[in-house]
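For reference, coords.cif (mmCIF, C-alpha atoms, pLDDT in the B column; chains and numbers go by the auth columns):
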data_entry
loop_
_atom_site.group_PDB
_atom_site.id
_atom_site.type_symbol
_atom_site.label_atom_id
_atom_site.label_comp_id
_atom_site.label_asym_id
_atom_site.label_seq_id
_atom_site.Cartn_x
_atom_site.Cartn_y
_atom_site.Cartn_z
_atom_site.B_iso_or_equiv
_atom_site.auth_seq_id
_atom_site.auth_asym_id
ATOM 1 C CA MET A 1 0.000 0.000 0.000 51.00 15 A
ATOM 2 C CA LYS A 2 2.939 2.308 0.689 54.00 16 A
ATOM 3 C CA LYS A 3 4.082 1.854 -2.916 53.00 17 A
ATOM 4 C CA ILE A 4 0.639 2.799 -4.253 53.00 18 A
ATOM 5 C CA PHE A 5 0.765 6.008 -2.231 52.00 19 A
ATOM 6 C CA ILE A 6 4.278 6.810 -3.463 52.00 20 A
ATOM 7 C CA VAL A 7 3.302 6.253 -7.093 51.00 21 A
ATOM 8 C CA LEU A 8 0.234 8.486 -6.727 50.00 22 A
ATOM 9 C CA LEU A 9 2.196 11.316 -5.190 51.00 23 A
ATOM 10 C CA CYS A 10 5.112 11.083 -7.595 52.00 24 A
ATOM 11 C CA ALA A 11 2.671 11.151 -10.493 51.00 25 A
ATOM 12 C CA MET A 12 1.384 14.514 -9.227 52.00 26 A
ATOM 13 C CA CYS A 13 4.839 16.087 -9.277 51.00 27 A
ATOM 14 C CA PHE A 14 5.528 17.348 -12.824 43.00 28 A
ATOM 15 C CA VAL A 15 7.240 20.620 -12.035 44.00 29 A
ATOM 16 C CA SER A 16 10.525 21.763 -13.491 45.00 30 A
ATOM 17 C CA CYS A 17 13.036 22.387 -10.743 44.00 31 A
ATOM 18 C CA ASN A 18 15.873 24.355 -12.373 50.00 32 A
ATOM 19 C CA SER A 19 15.964 27.912 -11.029 72.00 33 A
ATOM 20 C CA LEU A 20 18.509 29.168 -8.508 80.00 34 A
ATOM 21 C CA GLN A 21 15.780 29.746 -5.931 82.00 35 A
ATOM 22 C CA THR A 22 14.600 26.190 -6.459 82.00 36 A
ATOM 23 C CA LYS A 23 18.151 24.860 -6.023 86.00 37 A
ATOM 24 C CA ARG A 24 18.395 26.698 -2.690 90.00 38 A
ATOM 25 C CA LEU A 25 15.097 25.208 -1.608 90.00 39 A
ATOM 26 C CA GLN A 26 16.301 21.755 -2.644 90.00 40 A
ATOM 27 C CA ARG A 27 19.494 22.175 -0.588 93.00 41 A
ATOM 28 C CA LYS A 28 17.356 23.198 2.400 95.00 42 A
ATOM 29 C CA MET A 29 15.445 19.913 2.074 96.00 43 A
ATOM 30 C CA VAL A 30 18.525 17.638 2.295 96.00 44 A
ATOM 31 C CA PRO A 31 18.614 17.526 6.133 97.00 45 A
ATOM 32 C CA LEU A 32 14.880 16.820 6.137 97.00 46 A
ATOM 33 C CA ALA A 33 15.370 14.014 3.610 97.00 47 A
ATOM 34 C CA LYS A 34 18.030 12.511 5.872 96.00 48 A
ATOM 35 C CA GLN A 35 15.668 12.805 8.839 97.00 49 A
ATOM 36 C CA PHE A 36 12.852 11.192 6.857 97.00 50 A
ATOM 37 C CA LEU A 37 15.086 8.261 5.867 97.00 51 A
ATOM 38 C CA LYS A 38 16.282 7.885 9.457 96.00 52 A
ATOM 39 C CA ASP A 39 12.682 7.898 10.727 95.00 53 A
ATOM 40 C CA ASP A 40 11.782 5.338 8.034 94.00 54 A
ATOM 41 C CA GLY A 41 14.598 3.046 9.174 94.00 55 A
ATOM 42 C CA VAL A 42 16.787 3.493 6.098 93.00 56 A
ATOM 43 C CA LYS A 43 20.391 3.395 7.290 90.00 57 A
ATOM 44 C CA ASP A 44 22.661 2.372 4.432 89.00 58 A
ATOM 45 C CA TYR A 45 22.333 4.687 1.477 92.00 59 A
ATOM 46 C CA LYS A 46 24.439 6.929 -0.704 89.00 60 A
ATOM 47 C CA ALA A 47 23.938 9.499 -3.438 90.00 61 A
ATOM 48 C CA LEU A 48 20.964 11.206 -1.808 96.00 62 A
ATOM 49 C CA LYS A 49 19.400 13.568 -4.341 96.00 63 A
ATOM 50 C CA ILE A 50 16.471 15.968 -4.060 96.00 64 A
ATOM 51 C CA ASP A 51 14.727 15.721 -7.413 94.00 65 A
ATOM 52 C CA CYS A 52 11.930 18.244 -7.014 93.00 66 A
ATOM 53 C CA VAL A 53 10.179 20.433 -4.460 94.00 67 A
ATOM 54 C CA ASP A 54 6.549 21.122 -5.254 94.00 68 A
ATOM 55 C CA THR A 55 4.019 23.233 -3.382 93.00 69 A
ATOM 56 C CA ILE A 56 0.828 21.741 -2.033 95.00 70 A
ATOM 57 C CA THR A 57 -2.165 24.082 -1.764 96.00 71 A
ATOM 58 C CA GLU A 58 -5.353 23.400 0.180 94.00 72 A
ATOM 59 C CA ALA A 59 -7.042 22.121 -2.982 94.00 73 A
ATOM 60 C CA SER A 60 -4.139 19.874 -3.975 94.00 74 A
ATOM 61 C CA TYR A 61 -3.919 18.598 -0.377 94.00 75 A
ATOM 62 C CA ALA A 62 -7.581 17.589 -0.561 93.00 76 A
ATOM 63 C CA LYS A 63 -6.978 15.842 -3.904 93.00 77 A
ATOM 64 C CA LEU A 64 -3.905 14.109 -2.532 91.00 78 A
ATOM 65 C CA THR A 65 -5.810 12.966 0.543 92.00 79 A
ATOM 66 C CA SER A 66 -8.718 11.756 -1.575 93.00 80 A
ATOM 67 C CA GLU A 67 -6.345 9.736 -3.796 92.00 81 A
ATOM 68 C CA LEU A 68 -4.629 8.268 -0.741 91.00 82 A
ATOM 69 C CA LEU A 69 -7.997 7.260 0.660 94.00 83 A
ATOM 70 C CA SER A 70 -8.992 5.665 -2.649 93.00 84 A
ATOM 71 C CA GLY A 71 -5.831 3.574 -2.554 93.00 85 A
ATOM 72 C CA MET A 72 -6.527 2.589 1.044 92.00 86 A
ATOM 73 C CA GLU A 73 -10.108 1.719 0.146 94.00 87 A
ATOM 74 C CA ASP A 74 -8.935 -0.555 -2.686 93.00 88 A
ATOM 75 C CA ALA A 75 -6.398 -2.271 -0.430 91.00 89 A
ATOM 76 C CA TYR A 76 -8.909 -2.918 2.367 89.00 90 A
ATOM 77 C CA SER A 77 -11.580 -4.034 -0.109 89.00 91 A
ATOM 78 C CA ASN A 78 -9.128 -6.552 -1.553 87.00 92 A
ATOM 79 C CA MET A 79 -8.358 -7.778 1.962 86.00 93 A
ATOM 80 C CA ALA A 80 -12.070 -8.212 2.660 81.00 94 A
ATOM 81 C CA TYR A 81 -12.698 -10.120 -0.580 81.00 95 A
ATOM 82 C CA SER A 82 -9.683 -12.382 -0.144 79.00 96 A
ATOM 83 C CA GLY A 83 -10.558 -13.190 3.459 76.00 97 A
ATOM 84 C CA ASP A 84 -7.340 -11.697 4.850 75.00 98 A
ATOM 85 C CA GLY A 85 -7.965 -10.155 8.243 72.00 99 A
ATOM 86 C CA ASN A 86 -10.950 -9.567 10.460 82.00 100 A
ATOM 87 C CA THR A 87 -13.922 -8.564 8.295 82.00 101 A
ATOM 88 C CA GLU A 88 -15.536 -6.545 11.102 86.00 102 A
ATOM 89 C CA VAL A 89 -12.408 -4.436 11.579 88.00 103 A
ATOM 90 C CA ILE A 90 -11.961 -4.047 7.834 88.00 104 A
ATOM 91 C CA SER A 91 -15.579 -2.939 7.574 89.00 105 A
ATOM 92 C CA LEU A 92 -14.967 -0.243 10.213 91.00 106 A
ATOM 93 C CA TYR A 93 -11.852 0.960 8.365 92.00 107 A
ATOM 94 C CA LEU A 94 -13.761 1.088 5.088 93.00 108 A
ATOM 95 C CA ARG A 95 -16.531 3.116 6.721 94.00 109 A
ATOM 96 C CA ASP A 96 -14.008 5.641 8.108 94.00 110 A
ATOM 97 C CA ILE A 97 -12.277 5.851 4.743 95.00 111 A
ATOM 98 C CA GLU A 98 -15.586 6.396 2.956 95.00 112 A
ATOM 99 C CA ARG A 99 -16.629 9.193 5.345 94.00 113 A
ATOM 100 C CA THR A 100 -13.308 11.003 5.179 93.00 114 A
ATOM 101 C CA LYS A 101 -13.147 10.655 1.392 94.00 115 A
ATOM 102 C CA ALA A 102 -16.669 12.096 1.133 94.00 116 A
ATOM 103 C CA ASP A 103 -15.556 15.039 3.314 91.00 117 A
ATOM 104 C CA MET A 104 -12.569 15.684 1.018 92.00 118 A
ATOM 105 C CA ASP A 105 -14.737 15.449 -2.082 92.00 119 A
ATOM 106 C CA ASP A 106 -17.289 17.845 -0.556 93.00 120 A
ATOM 107 C CA LEU A 107 -14.514 20.330 0.254 91.00 121 A
ATOM 108 C CA LEU A 108 -13.192 20.087 -3.295 92.00 122 A
ATOM 109 C CA GLU A 109 -16.633 20.605 -4.816 94.00 123 A
ATOM 110 C CA SER A 110 -17.443 23.537 -2.524 93.00 124 A
ATOM 111 C CA GLY A 111 -14.777 25.746 -4.066 90.00 125 A
ATOM 112 C CA ASP A 112 -13.807 27.011 -0.596 91.00 126 A
ATOM 113 C CA LEU A 113 -10.269 25.652 -0.744 92.00 127 A
ATOM 114 C CA GLN A 114 -7.399 27.896 -1.749 92.00 128 A
ATOM 115 C CA THR A 115 -5.672 27.035 -5.010 92.00 129 A
ATOM 116 C CA GLU A 116 -2.681 29.273 -4.361 93.00 130 A
ATOM 117 C CA GLY A 117 -0.199 29.600 -1.541 92.00 131 A
ATOM 118 C CA VAL A 118 1.756 26.965 0.333 94.00 132 A
ATOM 119 C CA LEU A 119 0.074 24.577 2.725 95.00 133 A
ATOM 120 C CA LEU A 120 2.959 22.087 2.482 96.00 134 A
ATOM 121 C CA TYR A 121 5.926 21.230 0.329 96.00 135 A
ATOM 122 C CA MET A 122 6.085 17.835 -1.347 95.00 136 A
ATOM 123 C CA VAL A 123 9.654 16.722 -1.926 97.00 137 A
ATOM 124 C CA THR A 124 10.522 13.908 -4.295 96.00 138 A
ATOM 125 C CA ALA A 125 13.965 12.460 -3.850 97.00 139 A
ATOM 126 C CA SER A 126 16.097 9.409 -4.471 96.00 140 A
ATOM 127 C CA TYR A 127 19.040 7.556 -3.005 97.00 141 A
ATOM 128 C CA GLU A 128 21.092 4.545 -3.927 95.00 142 A
ATOM 129 C CA ASN A 129 21.660 1.449 -1.858 92.00 143 A
ATOM 130 C CA ALA A 130 22.562 -2.194 -2.508 90.00 144 A
ATOM 131 C CA ASP A 131 19.232 -2.679 -4.312 91.00 145 A
ATOM 132 C CA GLY A 132 19.857 0.232 -6.709 93.00 146 A
ATOM 133 C CA LYS A 133 18.094 3.570 -7.021 95.00 147 A
ATOM 134 C CA GLN A 134 15.204 4.092 -4.612 96.00 148 A
ATOM 135 C CA ASN A 135 12.674 6.891 -5.112 96.00 149 A
ATOM 136 C CA PHE A 136 10.768 8.367 -2.204 96.00 150 A
ATOM 137 C CA PHE A 137 8.848 11.463 -1.237 95.00 151 A
ATOM 138 C CA PHE A 138 8.045 13.321 1.937 97.00 152 A
ATOM 139 C CA LEU A 139 6.043 16.319 3.033 96.00 153 A
ATOM 140 C CA VAL A 140 7.462 19.401 4.749 97.00 154 A
ATOM 141 C CA ASN A 141 5.633 22.077 6.710 95.00 155 A
ATOM 142 C CA PRO A 142 5.782 25.651 5.363 94.00 156 A
ATOM 143 C CA ASP A 143 8.462 26.526 7.935 95.00 157 A
ATOM 144 C CA LYS A 144 10.820 24.329 5.859 94.00 158 A
ATOM 145 C CA LYS A 145 12.143 22.906 9.114 95.00 159 A
ATOM 146 C CA THR A 146 9.778 20.094 10.073 96.00 160 A
ATOM 147 C CA LEU A 147 8.386 17.015 8.380 96.00 161 A
ATOM 148 C CA HIS A 148 4.649 16.504 7.998 94.00 162 A
ATOM 149 C CA THR A 149 3.013 13.087 8.153 91.00 163 A
ATOM 150 C CA LEU A 150 -0.092 12.845 6.007 88.00 164 A
ATOM 151 C CA ASP A 151 -2.804 11.333 8.187 87.00 165 A
ATOM 152 C CA PRO A 152 -6.288 11.914 6.796 86.00 166 A
ATOM 153 C CA PHE A 153 -7.876 10.725 10.043 85.00 167 A
ATOM 154 C CA GLY A 154 -5.673 12.399 12.648 80.00 168 A
ATOM 155 C CA ASN A 155 -3.896 15.586 11.632 75.00 169 A
ATOM 156 C CA ASN A 156 -5.723 16.607 8.478 78.00 170 A
ATOM 157 C CA LEU A 157 -4.630 20.198 7.872 85.00 171 A
ATOM 158 C CA LEU A 158 -7.952 21.156 6.307 81.00 172 A
ATOM 159 C CA TYR A 159 -9.742 20.541 9.608 74.00 173 A
ATOM 160 C CA GLU A 160 -7.444 22.800 11.602 68.00 174 A
ATOM 161 C CA GLU A 161 -8.566 26.304 12.464 57.00 175 A
#
Would you mind writing the file's structure down as structure tokens?
Amino acid sequence: MKKIFIVLLCAMCFVSCNSLQTKRLQRKMVPLAKQFLKDDGVKDYKALKIDCVDTITEASYAKLTSELLSGMEDAYSNMAYSGDGNTEVISLYLRDIERTKADMDDLLESGDLQTEGVLLYMVTASYENADGKQNFFFLVNPDKKTLHTLDPFGNNLLYEE
């Protein structure tokens, strides 16, 4: 499921990252990339490279969250159909996913979400290890100093006041 999420987010990042200002921003993200890898348990790597830094607005955050939830919904539905796991628990997860996804879709349709400005930065990066090149992404708060964990059920930024 983690791979599905990574593919969805990387597919959203089609921004050219060549300007001097962008290069400075990329350099600022290197310590955060190292922290992300450390937090993710990645110890042995080399050739860490920040590929792109993209801005996430309120509207794109809602789309991103909705796509994440769709991927989660597919994964849990497959678990339910294959008989993997407790069907009652899976049913509860699916209900929560459905409600939160409906909230995101309602917010998107309302037109109340900002389409400009920076809610978060999405950083796509890569490193090399014994298995070859590994792509990853992470989210950074607008302060450019702290990582953000996307959690549509717990710390959804669109619900904060």
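Note on the selection: in this file the PyMOL selection byres ((chain A and resi 139-145) around 7) comes out as A:Asp58, A:Tyr59, A:Lys60, A:Ala61, A:Leu62, A:Lys63, A:Ile64, A:Asp65, A:Cys66, A:Val137, A:Thr138, A:Gly146, A:Lys147, A:Gln148, A:Asn149, A:Phe150, A:Phe151.
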Practice item. Provide the CA of Leu106 in chain A to CA of Ala94 in chain A distance in Å, to one decimal place. Key: 11.4 Å
Practice item. Starting from the displayed file, determine the output of the PyMOL selection byres ((chain A and resi 163-165) around 9) and express the residue list as a PyMOL selection string. Key: chain A and resi 79+152-154+161-162+166-171
Could you name the residues that touch Thr69 in chain A at 7 Å or less, counting only C-alpha atoms, but leaving out those on the same chain fewer than 3 positions away, as a PDB file with C-alpha atoms, in the coordinates of the input?
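Now in around-v6.pdb:
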ATOM      1  CA  VAL A 132       1.756  26.965   0.333  1.00 94.00           C
ATOM      2  CA  LEU A 134       2.959  22.087   2.482  1.00 96.00           C
ATOM      3  CA  TYR A 135       5.926  21.230   0.329  1.00 96.00           C
ATOM      4  CA  MET A 136       6.085  17.835  -1.347  1.00 95.00           C
TER       5      MET A 136
END
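Residues surrounding range 123-125 of chain A within 12 Å are A:Glu72, A:Ala73, A:Ala76, A:Lys77, A:Ala116, A:Asp117, A:Met118, A:Asp119, A:Asp120, A:Gln128, A:Thr129 [only C-alpha atoms; sequence separation below 3 positions excluded].
Interatomic distance, CA of Leu172 in chain A to CA of Tyr75 in chain A: 8.2 Å.
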Check your understanding: For the file shown, what are the residues hit by the PyMOL selection byres ((chain A and resi 36) around 12), laid out as a count of residues only?
Key -> 21
Kindly list the centre and edge lengths in Å, rounded to one decimal, for the axis-aligned box that covers all listed atoms of range 50-65 of chain A plus 3 Å on each of its six sides, as JSON.
{"center_x": 18.1, "center_y": 9.2, "center_z": 1.7, "size_x": 18.7, "size_y": 19.6, "size_z": 24.1}
Review point. For Ala47 in chain A, which residue out of A:Tyr173, A:Ser105, A:Ala89, A:Lys159 is the nearest one, using only C-alpha atoms?
Key: A:Lys159
Check your understanding: What is the distance between CA of Lys57 in chain A and CA of Pro156 in chain A, in Å to one decimal?
Key -> 26.7 Å
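Compared by their closest atoms to Ser91 in chain A, and using all atoms listed in the file, the residues A:Leu78, A:Thr71, A:Tyr107, A:Asp53 rank with A:Tyr107 nearest.
Take the candidates A:Ile104, A:Ser80, A:Glu87, A:Asp98 and check each one against Leu122 in chain A using only C-alpha atoms; the shortest distance goes to A:Ser80.
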